[in-house]
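> Let me begin by handing over the structure; questions about it come next.
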Amino acid sequence: MTGTMNLRSRAQLLGCVLGLRSLALVLWGIPGARALDNGLAMTPTMGWLHWERFMCNTDCEEDPDSCVSEKLFMQMADLMDSEGWRDVGYEYLCIDDCWMAPQRDSKGRLQADPKRFPGGIRRLADYVHGKGLKLGIYADVGKLTCAGFPGSYGYYDIDAKTFADWGVDLLKFDGCHFDTLVDLADGYKYMSLALNRTGRSIVYSCEWPLYMMPFRKPNYTEVREYCNHWRNFADIYDAWQSVKSVLDWTSSNQEKIVDAAGPGGWNDPDMLVIGNFGLSWDQQITQMALWAIMAAPLFMSNDLRQISPQAKALLQDKDVIAINQDPLGKQGYRLRKEDNIEVWERPLSDFAWAVAMVNLQEIGGPRFHTISLSSLGGGLACLPACLITELLPVKGKLGFYEWTSSLKLRINPTGTVLLRLDRTN
Ligand code: GLA
């Protein structure tokens with residue numbers, strides 16, 4: 001008891017020192033703007049999206065198992081249902097570019113390629129709904145999609161209504177082939193309102209800031225009012241270089257983007273490529289851990305028919321998913337980088353914190369890093385003590401730690417240690 005009192009008074013003293021910093025932290029974490037008022041994406045959307053793994057493969061004769069077709073989506077729906085994916089939260093099965101026929105129909109409506117989607121999207125949506133899942137689709141704000149299929153420019157109302165009629169639950173709206181910045185912004189806004197007017201609940205996934213950025217600073221207050229999530233950075237691909245560049249961009253821009261995220265609207269660092277070919281085991285752990293810290297939408301792009309038990313267990317890790325889906329909905333941020341080790345933290349509900357330590361050194365073996373607990377959560381994460389649980393790479397309780405203690409961890413090259421800190425009162 002005396003020990004606790006002493007600890008408390010020491011903490012109060014330090015509290016004064018850290019006061020300003022903690023205040024800044026608290027303020028920083030408050031979403032700066034109203035979210036799109038459609039009641040959706042109160043936690044980051046979870047699902048599967050075909051692009052990174054299957055791209056624009058339309059050759060069903062040569063490659064019947066991997067072409068973009070209703071068969072592919074039905075197979076993924078079956079597996080999301082039977083292999084536990086839906087049960088841990090992966091709910092939205094999403095079609096990306098290249099699903100369309102090259103022309104609209106006689107009434108100006110988009111239509112699916114009749115060879116690859118013989119049943120049409122409505123029947124696919126019924127199938128997907130029958131598995132307790134939701135269906136996502138893709139369109140583009142400009143005159144053409146990025147792969148050259150019909151764009152929605154001039155057809156926003158028709159397309160919104162078509163998607164609603166088909167029973168679509170999410171729209172990824174790309175930003176290729178726009179003429180002016182006004183068209184880009186107005187198009188994204190118009191489509192948001194058009195989707196709302198259909199009366200159907202449709203998650204609206206934007207790429208507005210990404211296409212805006214080369215010309216003008218995105219206004220995240222506005223983006224958040226119209227979109228449920230938004231891409232800020234280049235397309236991810238199946239390599240450490242790509243994952244690293246997403247993390248690097250995010251930490252370099254965190255002052256601009258972190259407080260834009262919150263229930264209803266999220267920064268989208270793009271798909272999870274876990275379970276594919278390009279990432280080592282440690283790098284897959286890093287992607288999963290950091291996407292949880294960043295409160296990122298979790299869209300896997302992999303082949304659920306051929307995925308290793310290890311990758312599956314990582315993607316289905318309920319403790320890590322719980323961090324990603326934490327109801328407080330505050331995005332984490334990089335706290336510091338020293339000696340090629342990054343420390344990231346994310347405030348969670350019930351005064352808990354998630355902490356990730358990434359070893360970015362790509363030469364040598366595992367490295368030790370010592371972290372003083374009083375440096376976390378603006379000094380509050382472990383005050384007066386906390387229970388620390390390691391979630392990745394090895395699951396287990398590390399024990400109770402006092403605020404004055406430090407923790408020494410071993411981190412593999414390009415790997416991450418993900419911890420959860422639950423404060424004890
Ligand atoms: C853009 C998007 C990708 C994908 C492709 C499809 O590059 O950023 O996510 O949708 O278009 O063509």
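Ordering of the structure tokens sets the chain letters (A, B, ...), residue numbers begin anew at 1 in every chain, and ligands are numbered from 1 in the order given.
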Taking only C-alpha atoms and all ligand atoms into account, report as a list in words which residues have an atom no farther than 9 Å from an atom of ligand 1.

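The neighbouring residues of ligand 1 are, in order, Trp51, Glu52, Met55, Cys56, Asp96, Asp97, Cys98, Tyr138, Ala139, Asp140, Thr145, Cys146, Ala147, Gly148, Lys172, Phe173, Asp174, Gly175, Cys176, Glu207, Leu210, Arg231, Phe233, Ala234, Asp235, Ile236, Asp270 and Met271 of chain A.
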
> Considering only C-alpha atoms, return as a ChimeraX atom specification whatever protein or nucleic-acid residues lie within 10 Å of Tyr220 in chain A, sequence-local ones (same chain, fewer than 2 positions apart) excluded.

/A:32-33,208-209,217-218,222-227,230,256-257,259-261,267

> Using DSSP on the backbone, list every residue of range 77-300 of chain A that comes out as helix (DSSP H, G or I), and give them as a VMD selection string.

chain A and resid 77 to 82 85 to 88 120 to 130 156 to 166 181 to 197 208 to 212 220 to 226 240 to 252 254 to 260 281 to 293

> Using CA of Leu315 in chain A and CA of Tyr127 in chain A as the two end points, give the distance in Å to one decimal.

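Separating CA of Leu315 in chain A from CA of Tyr127 in chain A is a distance of 24.1 Å.
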
> Go ahead and compute the interatomic distance for CA of Gln111 in chain A and CA of Leu304 in chain A, in Å to one decimal.

26.8 Å

> Env of Asp319 in chain A: 12 Å cut, atoms = only C-alpha atoms, seq-sep filter 2 positions within chain, self excluded. Answer as number ranges by chain.

A: 88, 288-289, 292, 313-317, 321-326, 354, 389-396, 418-420

> So how many Å separate CA of Arg123 in chain A and CA of Arg104 in chain A, to one decimal?

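Distance between the two atoms: 18.6 Å.
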
> Using only C-alpha atoms, determine which residues lie at most 7 Å from Phe299 in chain A, disregarding the query and same-chain residues fewer than 6 positions distant; provide the list as a count of residues only.

6
